[in-house]
Amino acid sequence: MAIPHDEALSITQEAVIGALGLDDDEATPDSTLLDDLGAESIDLLDMLFRIERKTGTKIQAADLADYVQGGIPDEEFGDENGIVTAKGLEQLKKVMPQIDADSLAGKLEAEKVITYFTVDNLATLVAQRVGG
Amino acid sequence: MKLEGRVALVTGGSRGIGRGICLALADEGAAVGVNYRSGKDAAEEVVELIKSKGGHAVAVPGDVSEWEEAEAAVEQTIRELGGLHILVNNAGVSQDALIVNMDPNDWLKVMKVNFGGTFNCTKAAFNHFALDRDGVIVNISSVMGEQGWMGESNYAASKGAVNAFTKCCAVEFARFGVRVNAVLPGFIPTDLVEGLLTVDGGKGISKQILLKSFGQVEDVASVVTFLAGPDAKYMTGSFITVDGGASTVLGLGSPLKK
């Protein structure tokens, strides 16, 4: 039984604000965690502990990458130069609907994908996982 | 009692300094997981002693130098004592020899227990601590981790590693409400350092210690209890030396002697 997106968003925003020491209005849904908010790996870990404390659901940092990649093997997600394939972009549109897949086609490095991950994207994952 | 309602796991708790730490924590009201590798009877005796005084304790088997066993020891403590708030990484071994004579496997064996056990139990306990935003780790290091002594290169290196690890843990864990400090005992006669007393009852060494005697297990245990409790709530990343002043003095004679 998943929780409503609104509820997940508010839990996620609270976790992001707490972990990064932000003001209440800074963790907007469309802020990217790494680029806009400057989160590092230990900040991400802190957010996930805060979410777990609130919801009782454990999300591992490693789960994030798996969730974004949607189970597509590395060699199909990125080409030999590490650029996200058309198949990879189709997947990204599902978990990060805000990205402009057309303008990123042929340019997006697989390693940079996570820099597009927003507060709202994390909330979507939280909504799915909690009670799931 | 300052540790009422707290649960502690003490690695290598069946004898020596670890035994003293188990008893001291229990005296302050903590429930104690008494970890042991081979001393089952001795660990159970510590458990019985704590129970006879009205405390709570369980014997927790496990060779903490092995990750799976360290993880199981942490899980058993949480399961049987209802939580975990204090981890004392005490389990240690020594295998003294001059470097030139040291078997190349002996440094690794000592490192695996003294540092590896500390790493394993810390990692195993961290998720629980961080989720509760509540946890204290006390690492039992040694003054040898900061100084050199004949024949103790492997032991000293392992304790130096524990010291560096203590600082790194303090850095990484502070935001999760977890404090990490180390106690550095000096010369405490236990099974680990039985050689200390073989010549002249150890007098040659004890008279060089500023406080003129070897330390007792209880002298270390009381400092561990302090670090584990609320009086040390603003301390993390600190080392406390408990050595009767032994490592304070330069040790090159007395220039004022006429």
# chains A, B, ... in the order shown; residues from 1 in each chain; ligands from 1
call {"tool": "residues_around", "arguments": {"residues": "Asp36 of chain A", "least_positions_apart": "2", "cutoff": "12 Å", "atoms": "only C-alpha atoms", "output": "NGL selection string"}}
result
:A and (20 or 22 or 26-34 or 38-40 or 115-119)
call {"tool": "write_last_selection", "arguments": {"atoms": "C-alpha atoms", "output": "short mmCIF file (atom, residue, chain, number, x, y, z; two decimals), in the first residue's frame"}}
result
data_model
loop_
_atom_site.label_atom_id
_atom_site.label_comp_id
_atom_site.auth_asym_id
_atom_site.auth_seq_id
_atom_site.Cartn_x
_atom_site.Cartn_y
_atom_site.Cartn_z
CA LEU A 20 21.42 19.74 4.44
CA LEU A 22 18.40 24.31 4.55
CA GLU A 26 14.83 25.89 -0.22
CA ALA A 27 14.03 22.24 -0.95
CA THR A 28 11.54 22.92 -3.74
CA PRO A 29 10.24 19.88 -5.61
CA ASP A 30 12.20 20.72 -8.76
CA SER A 31 15.55 21.32 -7.02
CA THR A 32 18.16 18.78 -8.05
CA LEU A 33 19.73 17.17 -5.01
CA LEU A 34 23.34 17.17 -6.15
CA GLY A 38 24.91 20.55 -3.21
CA ALA A 39 24.21 17.20 -1.56
CA GLU A 40 27.15 14.82 -1.16
CA THR A 115 22.73 15.03 -11.13
CA TYR A 116 19.28 15.51 -12.70
CA PHE A 117 17.55 13.73 -9.80
CA THR A 118 15.22 16.12 -7.98
CA VAL A 119 13.51 16.29 -4.61
#
call {"tool": "closest_atom_pairs", "arguments": {"of": "chain B", "to": "chain A", "cutoff": "9 Å", "atoms": "only C-alpha atoms", "output": "CSV"}}
result
residue,atom,partner,partner_atom,distance
B:Asn127,CA,A:Phe49,CA,8.6
B:Ala130,CA,A:Phe49,CA,7.1
B:Leu131,CA,A:Phe49,CA,5.8
B:Asp132,CA,A:Arg53,CA,7.7
B:Glu172,CA,A:Ile42,CA,7.9
B:Arg175,CA,A:Asp46,CA,8.0
B:Phe176,CA,A:Asp46,CA,7.3
call {"tool": "select_by_dssp", "arguments": {"residues": "segment 57-257 of chain B", "states": "alpha helix (DSSP H)", "output": "PyMOL selection string"}}
result
chain B and resi 67-81+104-111+117-132+153-173+203-206+217-228
call {"tool": "residues_around", "arguments": {"residues": "Ala164 of chain B", "least_positions_apart": "3", "cutoff": "12 Å", "atoms": "only C-alpha atoms", "output": "JSON, numbers by chain"}}
result
{"B": [115, 118, 119, 139, 141, 145, 146, 157, 158, 159, 160, 161, 167, 168, 169, 170, 171, 180, 181, 182, 237, 238, 239]}
call {"tool": "residues_around", "arguments": {"residues": "Ser142 of chain B", "least_positions_apart": "5", "cutoff": "9 Å", "atoms": "only C-alpha atoms", "output": "list in words"}}
result
Ala156, Lys159, Gly160, Asn163, Ala182, Val183, Leu184, Pro185, Gly186, Thr241 and Val242 of chain B
call {"tool": "closest_residue", "arguments": {"among": "A:Lys112, A:Asp23, A:Asn121, A:Asn81", "to": "Pro97 of chain A", "atoms": "only C-alpha atoms"}}
result
A:Asn121
call {"tool": "decode", "arguments": {"residues": "segment 16-108 of chain A", "atoms": "C-alpha atoms", "output": "mmCIF file, in the first residue's frame"}}
result
data_model
loop_
_atom_site.group_PDB
_atom_site.id
_atom_site.type_symbol
_atom_site.label_atom_id
_atom_site.label_comp_id
_atom_site.auth_asym_id
_atom_site.auth_seq_id
_atom_site.Cartn_x
_atom_site.Cartn_y
_atom_site.Cartn_z
ATOM 1 C CA VAL A 16 16.353 17.031 2.638
ATOM 2 C CA ILE A 17 16.038 20.188 4.723
ATOM 3 C CA GLY A 18 17.194 18.381 7.859
ATOM 4 C CA ALA A 19 20.136 16.643 6.224
ATOM 5 C CA LEU A 20 21.417 19.742 4.435
ATOM 6 C CA GLY A 21 20.503 22.342 7.055
ATOM 7 C CA LEU A 22 18.402 24.312 4.551
ATOM 8 C CA ASP A 23 15.708 26.892 5.116
ATOM 9 C CA ASP A 24 12.172 25.547 4.798
ATOM 10 C CA ASP A 25 11.570 27.058 1.368
ATOM 11 C CA GLU A 26 14.831 25.892 -0.221
ATOM 12 C CA ALA A 27 14.027 22.243 -0.950
ATOM 13 C CA THR A 28 11.538 22.925 -3.738
ATOM 14 C CA PRO A 29 10.239 19.875 -5.609
ATOM 15 C CA ASP A 30 12.196 20.717 -8.760
ATOM 16 C CA SER A 31 15.552 21.323 -7.018
ATOM 17 C CA THR A 32 18.155 18.776 -8.046
ATOM 18 C CA LEU A 33 19.733 17.169 -5.011
ATOM 19 C CA LEU A 34 23.341 17.174 -6.148
ATOM 20 C CA ASP A 35 23.588 20.236 -8.385
ATOM 21 C CA ASP A 36 21.108 22.731 -6.951
ATOM 22 C CA LEU A 37 21.293 21.728 -3.307
ATOM 23 C CA GLY A 38 24.912 20.549 -3.208
ATOM 24 C CA ALA A 39 24.212 17.203 -1.556
ATOM 25 C CA GLU A 40 27.148 14.816 -1.159
ATOM 26 C CA SER A 41 26.965 11.069 -0.644
ATOM 27 C CA ILE A 42 26.880 11.364 3.156
ATOM 28 C CA ASP A 43 24.039 13.911 2.884
ATOM 29 C CA LEU A 44 22.105 11.427 0.778
ATOM 30 C CA LEU A 45 22.706 8.765 3.440
ATOM 31 C CA ASP A 46 21.436 11.170 6.087
ATOM 32 C CA MET A 47 18.269 11.877 4.035
ATOM 33 C CA LEU A 48 17.583 8.181 3.639
ATOM 34 C CA PHE A 49 17.978 7.567 7.394
ATOM 35 C CA ARG A 50 15.574 10.435 8.089
ATOM 36 C CA ILE A 51 13.067 8.987 5.642
ATOM 37 C CA GLU A 52 13.457 5.541 7.192
ATOM 38 C CA ARG A 53 12.945 6.939 10.696
ATOM 39 C CA LYS A 54 9.752 8.640 9.567
ATOM 40 C CA THR A 55 8.326 5.823 7.457
ATOM 41 C CA GLY A 56 9.965 2.631 8.691
ATOM 42 C CA THR A 57 11.036 1.877 5.124
ATOM 43 C CA LYS A 58 14.705 1.395 4.298
ATOM 44 C CA ILE A 59 15.936 2.767 0.995
ATOM 45 C CA GLN A 60 19.614 2.078 0.349
ATOM 46 C CA ALA A 61 21.766 4.646 -1.439
ATOM 47 C CA ALA A 62 22.544 1.926 -3.978
ATOM 48 C CA ASP A 63 18.801 1.519 -4.619
ATOM 49 C CA LEU A 64 18.689 5.020 -6.086
ATOM 50 C CA ALA A 65 20.914 4.189 -9.036
ATOM 51 C CA ASP A 66 19.044 0.928 -9.644
ATOM 52 C CA TYR A 67 15.727 2.755 -9.522
ATOM 53 C CA VAL A 68 16.898 5.385 -12.000
ATOM 54 C CA GLN A 69 18.313 2.779 -14.365
ATOM 55 C CA GLY A 70 15.185 0.656 -14.056
ATOM 56 C CA GLY A 71 16.963 -2.678 -14.224
ATOM 57 C CA ILE A 72 18.485 -1.968 -17.646
ATOM 58 C CA PRO A 73 21.983 -3.497 -17.766
ATOM 59 C CA ASP A 74 24.865 -0.975 -17.910
ATOM 60 C CA GLU A 75 25.840 -1.974 -21.437
ATOM 61 C CA GLU A 76 22.327 -1.237 -22.724
ATOM 62 C CA PHE A 77 21.808 1.906 -20.663
ATOM 63 C CA GLY A 78 24.991 3.586 -21.919
ATOM 64 C CA ASP A 79 26.872 3.128 -25.200
ATOM 65 C CA GLU A 80 30.581 2.370 -25.520
ATOM 66 C CA ASN A 81 31.393 6.033 -24.863
ATOM 67 C CA GLY A 82 29.299 6.137 -21.698
ATOM 68 C CA ILE A 83 26.487 8.152 -23.367
ATOM 69 C CA VAL A 84 22.929 7.195 -22.394
ATOM 70 C CA THR A 85 21.219 5.234 -25.192
ATOM 71 C CA ALA A 86 17.725 5.841 -26.594
ATOM 72 C CA LYS A 87 16.514 2.945 -24.475
ATOM 73 C CA GLY A 88 18.131 4.529 -21.421
ATOM 74 C CA LEU A 89 16.454 7.864 -22.137
ATOM 75 C CA GLU A 90 13.049 6.184 -22.431
ATOM 76 C CA GLN A 91 13.603 4.793 -18.935
ATOM 77 C CA LEU A 92 14.757 8.162 -17.569
ATOM 78 C CA LYS A 93 11.564 9.813 -18.825
ATOM 79 C CA LYS A 94 9.651 7.498 -16.500
ATOM 80 C CA VAL A 95 11.564 8.263 -13.323
ATOM 81 C CA MET A 96 12.624 11.831 -14.120
ATOM 82 C CA PRO A 97 9.764 13.166 -16.269
ATOM 83 C CA GLN A 98 11.112 16.725 -16.056
ATOM 84 C CA ILE A 99 14.148 16.052 -18.231
ATOM 85 C CA ASP A 100 14.144 17.176 -21.847
ATOM 86 C CA ALA A 101 15.043 13.841 -23.394
ATOM 87 C CA ASP A 102 15.171 15.203 -26.939
ATOM 88 C CA SER A 103 17.779 17.818 -26.197
ATOM 89 C CA LEU A 104 19.826 15.354 -24.131
ATOM 90 C CA ALA A 105 19.773 12.612 -26.790
ATOM 91 C CA GLY A 106 23.292 11.538 -27.672
ATOM 92 C CA LYS A 107 24.804 13.929 -25.131
ATOM 93 C CA LEU A 108 23.911 12.714 -21.656
#
